[in-house]
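The next block is final-v2.cif, given as mmCIF, C-alpha atoms and all ligand atoms.
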```cif
data_coords
#
loop_
_atom_site.label_atom_id
_atom_site.label_comp_id
_atom_site.auth_asym_id
_atom_site.auth_seq_id
_atom_site.Cartn_x
_atom_site.Cartn_y
_atom_site.Cartn_z
CA MET A 1056 -132.58 -85.22 32.26
CA ARG A 1057 -133.70 -86.75 28.95
CA GLY A 1058 -134.52 -90.29 27.93
CA CYS A 1059 -136.57 -93.19 29.22
CA SER A 1060 -137.29 -93.87 32.86
CA LEU A 1061 -135.63 -96.81 34.53
CA ASN A 1062 -136.94 -100.28 34.04
CA SER A 1063 -135.01 -102.54 36.36
CA LYS A 1064 -136.16 -105.62 34.45
CA LYS A 1065 -134.02 -104.84 31.43
CA PRO A 1066 -130.56 -103.31 31.04
CA HIS A 1067 -130.32 -99.58 31.55
CA LEU A 1068 -127.68 -97.22 30.26
CA LEU A 1069 -126.75 -93.99 32.06
CA ARG A 1070 -124.90 -91.39 30.02
CA GLY A 1071 -122.89 -88.59 31.62
CA ARG A 1072 -119.45 -87.51 32.76
CA VAL A 1073 -118.18 -90.61 34.55
CA LEU A 1074 -115.69 -90.30 37.44
CA THR A 1075 -114.47 -93.25 39.49
CA PHE A 1076 -111.41 -93.99 41.60
CA SER A 1077 -109.14 -97.05 41.51
CA ALA A 1078 -106.81 -95.87 44.31
CA GLU A 1079 -106.36 -92.94 46.65
CA PRO A 1080 -104.92 -90.00 44.68
CA ALA A 1081 -101.44 -89.17 46.02
CA ASP A 1082 -102.07 -85.57 44.93
CA GLY A 1083 -103.99 -83.57 42.34
CA ASP A 1084 -101.72 -84.80 39.54
CA ASP A 1085 -102.16 -88.51 40.22
CA LEU A 1086 -103.93 -89.38 36.98
CA ALA A 1087 -103.43 -93.12 37.53
CA SER A 1088 -105.72 -93.13 40.57
CA TYR A 1089 -108.93 -92.31 38.76
CA SER A 1090 -110.79 -92.55 35.49
CA TYR A 1091 -112.71 -89.59 34.13
CA ILE A 1092 -114.65 -89.86 30.87
CA GLU A 1093 -116.27 -86.71 29.47
CA ASP A 1094 -118.84 -88.59 27.39
CA GLY A 1095 -119.10 -91.72 29.43
CA ALA A 1096 -121.70 -94.36 30.12
CA LEU A 1097 -122.59 -97.09 32.57
CA LEU A 1098 -124.59 -100.13 31.56
CA ILE A 1099 -126.57 -101.65 34.40
CA ASP A 1100 -128.26 -105.02 34.54
CA ASP A 1101 -129.87 -106.67 37.53
CA GLY A 1102 -128.53 -104.02 39.90
CA VAL A 1103 -124.91 -104.38 38.80
CA ILE A 1104 -122.67 -102.35 36.47
CA ILE A 1105 -121.93 -104.63 33.53
CA ALA A 1106 -120.09 -102.19 31.24
CA GLN A 1107 -118.41 -98.82 31.70
CA GLY A 1108 -116.46 -96.56 29.37
CA ASP A 1109 -116.91 -94.17 26.44
CA TYR A 1110 -120.53 -93.73 25.49
CA ASP A 1111 -119.81 -95.01 21.95
CA SER A 1112 -118.28 -98.25 23.18
CA VAL A 1113 -120.93 -98.88 25.85
CA ILE A 1114 -123.92 -98.13 23.60
CA ALA A 1115 -122.50 -100.64 21.14
CA GLN A 1116 -122.97 -103.34 23.82
CA ALA A 1117 -126.30 -102.04 25.11
CA GLY A 1118 -128.79 -103.81 22.83
CA ASP A 1119 -132.28 -102.50 23.61
CA ALA A 1120 -131.29 -101.01 26.97
CA ALA A 1121 -133.24 -97.98 28.17
CA VAL A 1122 -131.07 -94.85 28.03
CA THR A 1123 -131.06 -92.00 30.53
CA ASP A 1124 -128.95 -89.04 29.49
CA HIS A 1125 -127.59 -87.17 32.50
CA ARG A 1126 -125.21 -84.92 30.57
CA PRO A 1127 -123.69 -82.50 31.54
CA HIS A 1128 -123.77 -83.90 35.07
CA LEU A 1129 -121.22 -86.08 36.82
CA LEU A 1130 -121.85 -89.75 37.57
CA MET A 1131 -120.02 -91.05 40.62
CA ALA A 1132 -120.36 -93.94 43.03
CA GLY A 1133 -122.98 -93.26 45.71
CA PHE A 1134 -121.62 -91.68 48.88
CA ILE A 1135 -120.88 -93.76 51.97
CA ASP A 1136 -121.49 -92.41 55.47
CA THR A 1137 -119.51 -94.46 58.00
CA HIS A 1138 -121.08 -93.15 61.24
CA LEU A 1139 -124.53 -91.86 62.04
CA HIS A 1140 -127.15 -92.37 64.74
CA PHE A 1141 -130.57 -93.48 63.47
CA PRO A 1142 -132.42 -92.39 66.68
CA GLN A 1143 -130.96 -88.89 66.47
CA VAL A 1144 -132.79 -87.62 63.39
CA GLN A 1145 -134.76 -85.31 65.69
CA VAL A 1146 -131.75 -84.41 67.84
CA ILE A 1147 -129.90 -82.42 65.16
CA ALA A 1148 -129.54 -78.75 66.09
CA SER A 1149 -130.02 -79.12 69.85
CA TRP A 1150 -128.65 -76.00 71.51
CA GLY A 1151 -125.97 -75.16 73.95
CA ALA A 1152 -124.34 -78.37 75.20
CA LYS A 1153 -121.13 -80.31 74.83
CA LEU A 1154 -121.00 -84.07 74.51
CA LEU A 1155 -122.00 -85.44 77.93
CA ASP A 1156 -124.73 -82.86 78.64
CA TRP A 1157 -125.92 -83.14 75.06
CA LEU A 1158 -126.30 -86.92 75.51
CA ASN A 1159 -128.15 -86.56 78.81
CA ASN A 1160 -130.35 -83.60 77.94
CA TYR A 1161 -131.29 -84.25 74.34
CA THR A 1162 -130.09 -87.57 72.99
CA PHE A 1163 -131.19 -90.05 75.62
CA PRO A 1164 -134.75 -88.68 75.80
CA ALA A 1165 -135.03 -88.89 72.01
CA GLU A 1166 -133.64 -92.43 71.95
CA ALA A 1167 -136.16 -93.58 74.59
CA ARG A 1168 -138.95 -93.09 72.04
CA TYR A 1169 -137.50 -95.91 69.93
CA ALA A 1170 -139.11 -98.44 72.21
CA GLU A 1171 -142.25 -97.80 70.10
CA PRO A 1172 -142.25 -99.69 66.77
CA ALA A 1173 -144.48 -97.13 65.07
CA HIS A 1174 -142.04 -94.34 65.92
CA CYS A 1175 -139.11 -96.47 64.71
CA ASN A 1176 -140.84 -97.17 61.41
CA ALA A 1177 -141.75 -93.54 60.79
CA MET A 1178 -138.23 -92.36 61.63
CA ALA A 1179 -136.60 -95.08 59.50
CA SER A 1180 -138.60 -93.97 56.50
CA ALA A 1181 -137.59 -90.35 57.15
CA LEU A 1182 -133.92 -91.29 57.62
CA TYR A 1183 -133.74 -93.18 54.33
CA ASP A 1184 -135.52 -90.42 52.42
CA LEU A 1185 -132.99 -87.96 53.81
CA ILE A 1186 -129.81 -89.88 53.22
CA ILE A 1187 -130.86 -90.79 49.68
CA SER A 1188 -131.78 -87.21 48.82
CA HIS A 1189 -128.30 -86.20 49.98
CA GLY A 1190 -126.59 -88.77 47.76
CA THR A 1191 -125.74 -91.37 50.40
CA THR A 1192 -126.37 -94.95 49.32
CA THR A 1193 -124.68 -96.82 52.19
CA ALA A 1194 -124.51 -95.80 55.85
CA VAL A 1195 -123.26 -97.31 59.08
CA ALA A 1196 -125.70 -96.62 61.89
CA TYR A 1197 -126.06 -96.86 65.62
CA CYS A 1198 -129.63 -97.87 66.36
CA SER A 1199 -131.11 -97.44 69.86
CA VAL A 1200 -130.85 -99.96 72.68
CA HIS A 1201 -134.16 -101.46 71.53
CA SER A 1202 -134.29 -104.34 69.05
CA THR A 1203 -137.36 -102.66 67.54
CA SER A 1204 -135.11 -99.89 66.21
CA VAL A 1205 -132.81 -102.39 64.51
CA ASP A 1206 -135.74 -104.20 62.92
CA ALA A 1207 -137.11 -100.92 61.58
CA PHE A 1208 -133.67 -99.89 60.32
CA PHE A 1209 -133.07 -103.11 58.37
CA ASP A 1210 -136.70 -103.57 57.26
CA GLU A 1211 -136.57 -100.19 55.58
CA ALA A 1212 -133.13 -100.92 54.07
CA SER A 1213 -134.46 -104.16 52.68
CA ARG A 1214 -137.54 -102.44 51.24
CA ARG A 1215 -135.23 -100.03 49.43
CA ASN A 1216 -132.63 -102.70 48.58
CA MET A 1217 -129.83 -100.70 50.20
CA ARG A 1218 -126.48 -101.93 51.47
CA MET A 1219 -126.67 -100.77 55.08
CA ILE A 1220 -124.74 -101.55 58.24
CA GLY A 1221 -126.14 -101.14 61.74
CA GLY A 1222 -126.66 -102.53 65.18
CA LYS A 1223 -128.33 -102.16 68.55
CA VAL A 1224 -126.37 -100.03 71.00
CA LEU A 1225 -125.19 -101.89 74.07
CA MET A 1226 -125.44 -99.72 77.19
CA ASP A 1227 -125.88 -100.98 80.73
CA ARG A 1228 -124.97 -97.96 82.88
CA ASN A 1229 -124.74 -94.16 83.04
CA ALA A 1230 -127.96 -93.79 81.07
CA PRO A 1231 -131.64 -93.60 82.07
CA ASP A 1232 -133.09 -96.92 83.26
CA ASN A 1233 -135.38 -97.21 80.24
CA LEU A 1234 -132.33 -97.09 77.95
CA GLN A 1235 -130.28 -99.74 79.69
CA ASP A 1236 -129.81 -103.37 78.81
CA THR A 1237 -127.72 -105.81 80.84
CA PRO A 1238 -124.59 -107.71 79.84
CA GLN A 1239 -126.75 -110.80 79.29
CA SER A 1240 -129.74 -109.18 77.55
CA GLY A 1241 -127.47 -107.05 75.36
CA TYR A 1242 -125.57 -110.17 74.34
CA ASP A 1243 -128.75 -112.18 73.72
CA ASP A 1244 -130.52 -109.43 71.78
CA SER A 1245 -127.45 -108.80 69.63
CA LYS A 1246 -127.16 -112.51 68.82
CA THR A 1247 -130.82 -112.68 67.84
CA LEU A 1248 -130.45 -109.60 65.63
CA ILE A 1249 -127.28 -110.93 63.99
CA ALA A 1250 -129.07 -114.19 63.17
CA LYS A 1251 -132.04 -112.26 61.81
CA TRP A 1252 -130.26 -109.63 59.74
CA HIS A 1253 -126.54 -110.15 59.13
CA GLY A 1254 -125.99 -111.21 55.52
CA LYS A 1255 -129.70 -111.01 54.67
CA GLY A 1256 -129.87 -109.28 51.30
CA ARG A 1257 -127.51 -106.33 51.52
CA ALA A 1258 -127.53 -106.02 55.34
CA HIS A 1259 -124.49 -106.19 57.62
CA TYR A 1260 -124.61 -106.18 61.40
CA ALA A 1261 -122.37 -103.95 63.54
CA ILE A 1262 -121.84 -104.98 67.16
CA THR A 1263 -122.28 -101.63 68.88
CA PRO A 1264 -121.11 -100.94 72.44
CA ARG A 1265 -121.95 -97.21 72.59
CA PHE A 1266 -118.77 -96.22 74.47
CA ALA A 1267 -116.91 -97.20 77.60
CA ILE A 1268 -118.87 -94.79 79.80
CA THR A 1269 -122.16 -96.58 79.13
CA SER A 1270 -120.80 -100.15 79.20
CA SER A 1271 -119.65 -101.91 82.35
CA PRO A 1272 -116.59 -104.18 82.24
CA GLN A 1273 -119.03 -107.11 82.29
CA GLN A 1274 -120.78 -105.78 79.22
CA LEU A 1275 -117.53 -105.20 77.33
CA GLU A 1276 -116.52 -108.74 78.26
CA ALA A 1277 -119.77 -110.09 76.78
CA THR A 1278 -119.19 -107.85 73.74
CA GLY A 1279 -115.75 -109.41 73.26
CA THR A 1280 -117.42 -112.82 73.26
CA LEU A 1281 -119.92 -111.64 70.61
CA VAL A 1282 -117.08 -110.30 68.46
CA ALA A 1283 -115.15 -113.57 68.74
CA GLU A 1284 -118.29 -115.52 67.82
CA HIS A 1285 -119.11 -113.23 64.87
CA PRO A 1286 -115.79 -112.11 63.36
CA ASP A 1287 -117.50 -111.14 60.11
CA CYS A 1288 -119.67 -108.52 61.83
CA TYR A 1289 -118.51 -104.95 62.16
CA VAL A 1290 -117.80 -103.37 65.56
CA GLN A 1291 -118.43 -99.70 66.20
CA THR A 1292 -117.93 -97.46 69.19
CA HIS A 1293 -116.71 -93.99 70.16
CA LEU A 1294 -113.17 -93.04 71.19
CA SER A 1295 -111.59 -89.87 72.60
CA GLU A 1296 -114.05 -87.26 71.45
CA ASN A 1297 -114.15 -84.81 74.37
CA HIS A 1298 -111.99 -83.96 77.40
CA ASP A 1299 -114.72 -84.59 80.02
CA GLU A 1300 -115.58 -87.90 78.35
CA ILE A 1301 -111.95 -89.00 78.44
CA ALA A 1302 -111.54 -88.03 82.13
CA PHE A 1303 -114.73 -89.87 83.16
CA THR A 1304 -113.69 -92.93 81.15
CA ALA A 1305 -110.30 -92.99 82.91
CA GLU A 1306 -112.11 -92.94 86.30
CA LEU A 1307 -114.33 -95.85 85.26
CA TYR A 1308 -111.44 -97.96 83.90
CA PRO A 1309 -108.49 -97.00 86.13
CA GLN A 1310 -106.45 -100.02 85.13
CA ALA A 1311 -106.47 -99.18 81.41
CA ARG A 1312 -103.28 -97.79 79.85
CA ASP A 1313 -105.37 -95.33 77.85
CA TYR A 1314 -108.88 -95.08 76.38
CA LEU A 1315 -108.24 -97.40 73.43
CA ASP A 1316 -106.72 -99.98 75.77
CA ILE A 1317 -110.19 -100.57 77.21
CA TYR A 1318 -111.55 -101.74 73.86
CA GLN A 1319 -108.29 -103.49 73.00
CA SER A 1320 -108.22 -105.48 76.23
CA TYR A 1321 -111.72 -106.86 75.54
CA GLY A 1322 -110.71 -107.97 72.02
CA LEU A 1323 -112.79 -105.42 70.14
CA LEU A 1324 -110.17 -104.14 67.68
CA SER A 1325 -109.65 -105.33 64.12
CA ALA A 1326 -110.01 -104.03 60.57
CA LYS A 1327 -113.78 -104.47 61.07
CA THR A 1328 -113.78 -101.89 63.89
CA LEU A 1329 -114.93 -98.30 63.35
CA LEU A 1330 -113.97 -95.82 66.06
CA GLY A 1331 -115.87 -92.57 65.95
CA HIS A 1332 -113.97 -89.30 66.51
CA CYS A 1333 -110.40 -90.29 67.64
CA ILE A 1334 -109.52 -86.66 68.39
CA TYR A 1335 -107.28 -86.85 71.47
CA LEU A 1336 -105.08 -89.89 70.97
CA GLN A 1337 -101.85 -90.77 72.69
CA SER A 1338 -98.94 -92.14 70.73
CA ARG A 1339 -99.54 -95.70 71.94
CA GLU A 1340 -103.14 -95.53 70.83
CA ILE A 1341 -102.13 -94.42 67.34
CA ASP A 1342 -99.70 -97.33 67.09
CA ALA A 1343 -102.40 -99.71 68.28
CA LEU A 1344 -104.84 -98.42 65.66
CA ALA A 1345 -102.25 -98.97 62.93
CA GLU A 1346 -101.36 -102.45 64.25
CA THR A 1347 -104.89 -103.71 64.70
CA GLY A 1348 -106.23 -102.02 61.54
CA ALA A 1349 -109.10 -100.40 63.45
CA ARG A 1350 -110.49 -97.41 61.54
CA ALA A 1351 -110.51 -93.83 62.83
CA VAL A 1352 -113.72 -92.09 61.74
CA PHE A 1353 -113.62 -88.32 61.25
CA CYS A 1354 -116.95 -86.57 61.95
CA PRO A 1355 -116.25 -82.90 61.18
CA THR A 1356 -119.68 -81.30 61.47
CA SER A 1357 -120.21 -83.02 64.82
CA ASN A 1358 -116.75 -82.18 66.13
CA LEU A 1359 -117.36 -78.51 65.35
CA PHE A 1360 -120.99 -78.43 66.51
CA LEU A 1361 -120.26 -80.10 69.87
CA GLY A 1362 -117.03 -78.12 70.23
CA SER A 1363 -115.17 -81.40 70.57
CA GLY A 1364 -111.91 -80.66 68.77
CA LEU A 1365 -109.84 -81.08 65.63
CA PHE A 1366 -109.17 -84.49 64.05
CA ASP A 1367 -105.49 -84.87 63.15
CA TYR A 1368 -105.97 -86.15 59.61
CA GLU A 1369 -102.36 -85.89 58.47
CA GLY A 1370 -100.92 -87.13 61.75
CA LEU A 1371 -103.00 -90.32 61.68
CA ARG A 1372 -102.35 -91.01 58.02
CA ARG A 1373 -98.62 -90.51 58.49
CA ARG A 1374 -98.73 -93.28 61.12
CA ASP A 1375 -100.67 -95.61 58.75
CA VAL A 1376 -104.04 -95.41 60.45
CA VAL A 1377 -106.91 -96.08 58.05
CA THR A 1378 -109.37 -93.21 58.23
CA ALA A 1379 -113.01 -92.85 57.23
CA VAL A 1380 -115.32 -89.83 57.17
CA ALA A 1381 -118.89 -89.50 58.36
CA THR A 1382 -121.77 -87.19 59.31
CA ASP A 1383 -122.40 -88.42 62.88
CA ILE A 1384 -126.03 -87.35 62.66
CA GLY A 1385 -127.34 -85.97 65.10
CA GLY A 1386 -124.20 -84.56 66.76
CA GLY A 1387 -123.42 -83.81 63.14
CA THR A 1388 -125.44 -81.09 61.51
CA SER A 1389 -125.88 -82.20 57.89
CA TYR A 1390 -126.86 -85.40 56.11
CA SER A 1391 -124.73 -84.26 53.20
CA MET A 1392 -121.35 -85.88 52.68
CA LEU A 1393 -120.57 -82.80 50.55
CA GLN A 1394 -121.16 -80.53 53.55
CA THR A 1395 -119.19 -83.00 55.65
CA LEU A 1396 -116.26 -82.50 53.28
CA ALA A 1397 -116.70 -78.72 53.49
CA GLU A 1398 -116.45 -78.73 57.29
CA GLY A 1399 -113.64 -81.29 57.14
CA TYR A 1400 -111.70 -78.98 54.86
CA LYS A 1401 -112.06 -76.18 57.43
CA VAL A 1402 -110.97 -78.44 60.31
CA LEU A 1403 -107.84 -79.23 58.30
CA GLN A 1404 -107.26 -75.55 57.48
CA LEU A 1405 -107.20 -74.76 61.21
CA GLN A 1406 -104.30 -77.21 61.51
CA ASN A 1407 -102.45 -76.12 58.36
CA GLN A 1408 -103.39 -79.42 56.71
CA LYS A 1409 -104.82 -80.00 53.25
CA ILE A 1410 -106.96 -82.45 51.36
CA HIS A 1411 -107.15 -82.19 47.57
CA PRO A 1412 -110.67 -82.33 46.06
CA LEU A 1413 -109.81 -85.56 44.26
CA GLN A 1414 -108.74 -87.09 47.58
CA ALA A 1415 -111.91 -85.78 49.21
CA PHE A 1416 -114.21 -87.41 46.65
CA TYR A 1417 -112.13 -90.58 46.80
CA TRP A 1418 -112.71 -90.57 50.57
CA ILE A 1419 -116.51 -90.40 50.51
CA THR A 1420 -116.71 -93.12 47.83
CA ARG A 1421 -114.01 -95.73 47.45
CA GLY A 1422 -112.05 -94.62 50.54
CA ASN A 1423 -114.96 -95.25 52.88
CA ALA A 1424 -115.68 -98.50 51.01
CA VAL A 1425 -112.07 -99.59 51.64
CA ALA A 1426 -112.48 -98.69 55.32
CA LEU A 1427 -115.47 -101.06 55.36
CA GLY A 1428 -113.73 -103.75 53.28
CA LEU A 1429 -116.51 -103.37 50.71
CA GLU A 1430 -114.65 -101.87 47.75
CA ALA A 1431 -115.40 -104.93 45.60
CA LYS A 1432 -119.12 -104.12 45.92
CA ILE A 1433 -119.59 -100.38 46.44
CA GLY A 1434 -117.69 -97.10 46.24
CA THR A 1435 -116.65 -97.45 42.58
CA LEU A 1436 -118.20 -97.58 39.13
CA ASP A 1437 -116.10 -100.58 38.10
CA VAL A 1438 -117.69 -103.39 36.13
CA GLY A 1439 -119.06 -105.82 38.71
CA SER A 1440 -119.86 -103.10 41.27
CA GLU A 1441 -123.36 -102.73 42.60
CA ALA A 1442 -125.09 -99.89 40.76
CA ASP A 1443 -125.30 -97.42 43.66
CA ILE A 1444 -124.72 -94.17 41.80
CA VAL A 1445 -125.05 -90.46 42.40
CA VAL A 1446 -125.62 -87.82 39.71
CA LEU A 1447 -124.06 -84.48 40.65
CA ASN A 1448 -124.77 -80.98 39.41
CA ALA A 1449 -122.12 -78.44 40.39
CA ALA A 1450 -124.27 -75.54 39.17
CA SER A 1451 -127.35 -76.46 41.18
CA THR A 1452 -127.81 -73.13 42.98
CA PRO A 1453 -127.44 -69.59 41.63
CA ALA A 1454 -124.30 -69.08 43.71
CA MET A 1455 -122.78 -72.32 42.45
CA ALA A 1456 -123.74 -71.55 38.85
CA LEU A 1457 -122.06 -68.16 39.12
CA ARG A 1458 -118.89 -69.68 40.56
CA MET A 1459 -118.91 -72.42 37.91
CA GLU A 1460 -118.66 -69.77 35.18
CA THR A 1461 -114.97 -69.44 36.09
CA VAL A 1462 -114.23 -73.14 36.58
CA SER A 1463 -112.18 -74.94 33.95
CA THR A 1464 -110.88 -78.15 35.58
CA LEU A 1465 -112.46 -81.23 37.13
CA SER A 1466 -110.65 -80.56 40.41
CA GLU A 1467 -112.05 -77.04 40.62
CA GLU A 1468 -115.54 -78.36 39.92
CA LEU A 1469 -115.19 -80.99 42.64
CA PHE A 1470 -114.02 -78.36 45.08
CA VAL A 1471 -117.05 -76.16 44.34
CA LEU A 1472 -119.28 -79.19 44.85
CA SER A 1473 -117.66 -80.05 48.17
CA ILE A 1474 -117.67 -76.52 49.59
CA MET A 1475 -120.98 -75.22 48.27
CA GLY A 1476 -122.94 -78.39 47.52
CA ASP A 1477 -125.72 -80.05 49.46
CA ASP A 1478 -128.84 -82.03 48.56
CA ARG A 1479 -129.63 -79.55 45.79
CA ALA A 1480 -126.51 -80.76 43.97
CA ILE A 1481 -127.85 -84.31 43.93
CA GLU A 1482 -129.72 -84.62 40.64
CA GLN A 1483 -130.51 -88.29 41.00
CA VAL A 1484 -129.51 -91.33 43.00
CA TYR A 1485 -129.58 -94.95 41.81
CA ILE A 1486 -129.76 -97.78 44.29
CA ALA A 1487 -128.91 -101.17 42.82
CA GLY A 1488 -129.77 -99.60 39.47
CA ASN A 1489 -133.12 -98.09 40.44
CA ALA A 1490 -133.73 -94.35 40.47
CA ALA A 1491 -134.44 -93.51 44.11
CA LYS A 1492 -134.45 -89.78 44.74
CA ARG A 1493 -137.94 -88.40 45.34
CA VAL A 1494 -138.34 -85.08 43.54
N1 LIG B 1501 -120.45 -90.83 72.38
C1 LIG B 1501 -121.33 -91.73 72.89
N2 LIG B 1501 -122.53 -91.63 72.30
C2 LIG B 1501 -122.41 -90.65 71.41
C3 LIG B 1501 -123.34 -90.07 70.49
O1 LIG B 1501 -124.50 -90.46 70.37
N3 LIG B 1501 -122.86 -89.06 69.72
C4 LIG B 1501 -121.57 -88.61 69.81
N4 LIG B 1501 -121.17 -87.61 69.02
N5 LIG B 1501 -120.70 -89.14 70.67
C5 LIG B 1501 -121.12 -90.13 71.46
ZN ZN B 1502 -121.56 -91.13 67.17
#
```
Could you quickly redo this structure as structure tokens?
Ligand code: GUN
Ligand code: ZN
Amino acid sequence: MRGCSLNSKKPHLLRGRVLTFSAEPADGDDLASYSYIEDGALLIDDGVIIAQGDYDSVIAQAGDAAVTDHRPHLLMAGFIDTHLHFPQVQVIASWGAKLLDWLNNYTFPAEARYAEPAHCNAMASALYDLIISHGTTTAVAYCSVHSTSVDAFFDEASRRNMRMIGGKVLMDRNAPDNLQDTPQSGYDDSKTLIAKWHGKGRAHYAITPRFAITSSPQQLEATGTLVAEHPDCYVQTHLSENHDEIAFTAELYPQARDYLDIYQSYGLLSAKTLLGHCIYLQSREIDALAETGARAVFCPTSNLFLGSGLFDYEGLRRRDVVTAVATDIGGGTSYSMLQTLAEGYKVLQLQNQKIHPLQAFYWITRGNAVALGLEAKIGTLDVGSEADIVVLNAASTPAMALRMETVSTLSEELFVLSIMGDDRAIEQVYIAGNAAKRV
């Protein structure tokens, strides 16, 4: 990297190969869905992209802007992770269990430590260092049941000026006593946290009933009230991830038509709703997702690690379900959205399905932004977008450099990045225009 270092007080120009999407590519030949400029530039002022195009045309508007030359690397919108668990940063790589045992044996004990503010603060700092170093500039997180974890999560986001989404998990049964709230306290704490954080700076609140197993009907009822009172908040929960989970859920809610019907009957479904996993869905549930606009979130590294199953990407898209993609740390095994794409590709291969590299990079940028209704702010390098940017190097390891010797197209380069890339491929990250990766 050559040139001056960033000064956020005056305009800043980034030079490099600029790739951004305006729509989901129908296939690899859909040139209208993206813009790719070999010698491109972005002009940033006050955290926002104010010009974008050929270097020659942007430099002509740049006045005395500082210039950082990232050639020959790619500039793209920062990656968006639509599902992770903040209190699970020390749960990753826990051996030998499927979902329900994994929750009981590893996850709940780790989450209990988030009653301590000092632990929350230390882990929040670690989480943000990790996601940034992997190229993620926005994430949607489950915090623990404790308000302290939500405060730490948003305090750290605010310190780093990041657009982050999160919320306190609601759970009033089937968990250790020290991890349970009640329908009333969960409602009250969520309301207090929404008032404190939602819309403050770049923060958004997600109302977060963990899943039907850990919420009583009374709690889901109170959650429905919260959602009705705060329609501009997100809602996130888990759906149909694992056979034992689905069977236990059916025992707990015998009157429900299916798993999704539980959430639907309490008024939790809309285009603001993110449903993690969605692996074993019945036809009615797929129709209900399409009708309500609720998003199905694919978590490939988690689904493989926990042996949960294969997400039916093509089947859901054919039925007009909006999908998103995510790490699901710490059931997931990598903070990298590139590695997430790699495992996603393999999950699709096992089902004779395909995703083109252009579609894959659309998904982790603009596609996930669309799933969050935030594409006017993040997920693109359009003029007016917030300057959350990732700089990618497809030859960042010896193995990648060797493979890149034979690569001649952008699509091939993107595929190498998605299959072989990880945090080493992330040269730099800008958050609201400020260089943020610690090297
Ligand atoms: N279902 C309910 N809680 C969780 C969790 O923390 N991780 C995963 N993967 N699934 C869940
Ligand atoms: Zn999850």
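Taking all atoms listed in the file into account, ligand LIG 1501 (chain B) lies nearest to A:His1293 out of the set A:His1293, A:Lys1246, A:Arg1228, A:Lys1153.
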Using only C-alpha atoms and all ligand atoms, find each residue in chain A having at least one atom no more than 6 Å away from ligand LIG 1501 (chain B); report its shortest atom-to-atom pair and that distance in Å (one decimal), rows by chain then rising number, as CSV.
```
residue,atom,partner,partner_atom,distance
A:Arg1265,CA,B:LIG1501,C1,5.5
A:Phe1266,CA,B:LIG1501,C1,5.4
A:His1293,CA,B:LIG1501,N1,5.4
A:Gly1386,CA,B:LIG1501,N4,4.9
```
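For the residues A:Thr1075, A:Thr1292, A:Asn1229, A:Asn1176, ranking by smallest atom-to-atom distance to ligand ZN 1502 (chain B) using only C-alpha atoms and all ligand atoms places A:Thr1292 first.
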Neighbours of ligand ZN 1502 (chain B) within 12 Å, counting only C-alpha atoms and all ligand atoms, as an MDAnalysis selection string? chainID A and resid 1136:1143 1154 1158 1162 1195:1199 1224 1263:1266 1291:1296 1329:1333 1352:1358 1361 1380:1387
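The coordinates place CA of Thr1191 (chain A) at 24.9 Å from CA of Ser1363 (chain A).
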Near Ala1487 (chain A), within 8 Å and counting all atoms listed in the file, which residues show up once chain neighbours fewer than 6 positions away are dropped, as a PyMOL selection string? chain A and resi 1101-1103+1216-1217+1441-1443
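Only residues having an atom at most 7 Å from (-129.2, -102.4, 32.9) are included; using only C-alpha atoms, these are Ser1063, Lys1065, Pro1066, His1067, Leu1068, Leu1098, Ile1099, Asp1100, Asp1101 and Ala1120 of chain A.
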Any chance you can output those residues with C-alpha atoms as a PDB file, keeping the file's coordinate frame?
```
ATOM      1  CA  SER A1063    -135.010-102.540  36.360  1.00  0.00           C
ATOM      2  CA  LYS A1065    -134.020-104.840  31.430  1.00  0.00           C
ATOM      3  CA  PRO A1066    -130.560-103.310  31.040  1.00  0.00           C
ATOM      4  CA  HIS A1067    -130.320 -99.580  31.550  1.00  0.00           C
ATOM      5  CA  LEU A1068    -127.680 -97.220  30.260  1.00  0.00           C
ATOM      6  CA  LEU A1098    -124.590-100.130  31.560  1.00  0.00           C
ATOM      7  CA  ILE A1099    -126.570-101.650  34.400  1.00  0.00           C
ATOM      8  CA  ASP A1100    -128.260-105.020  34.540  1.00  0.00           C
ATOM      9  CA  ASP A1101    -129.870-106.670  37.530  1.00  0.00           C
ATOM     10  CA  ALA A1120    -131.290-101.010  26.970  1.00  0.00           C
TER      11      ALA A1120
END
```
Distance CA of Gln1337 (chain A)-CA of Gly1362 (chain A), one decimal place? 19.9 Å
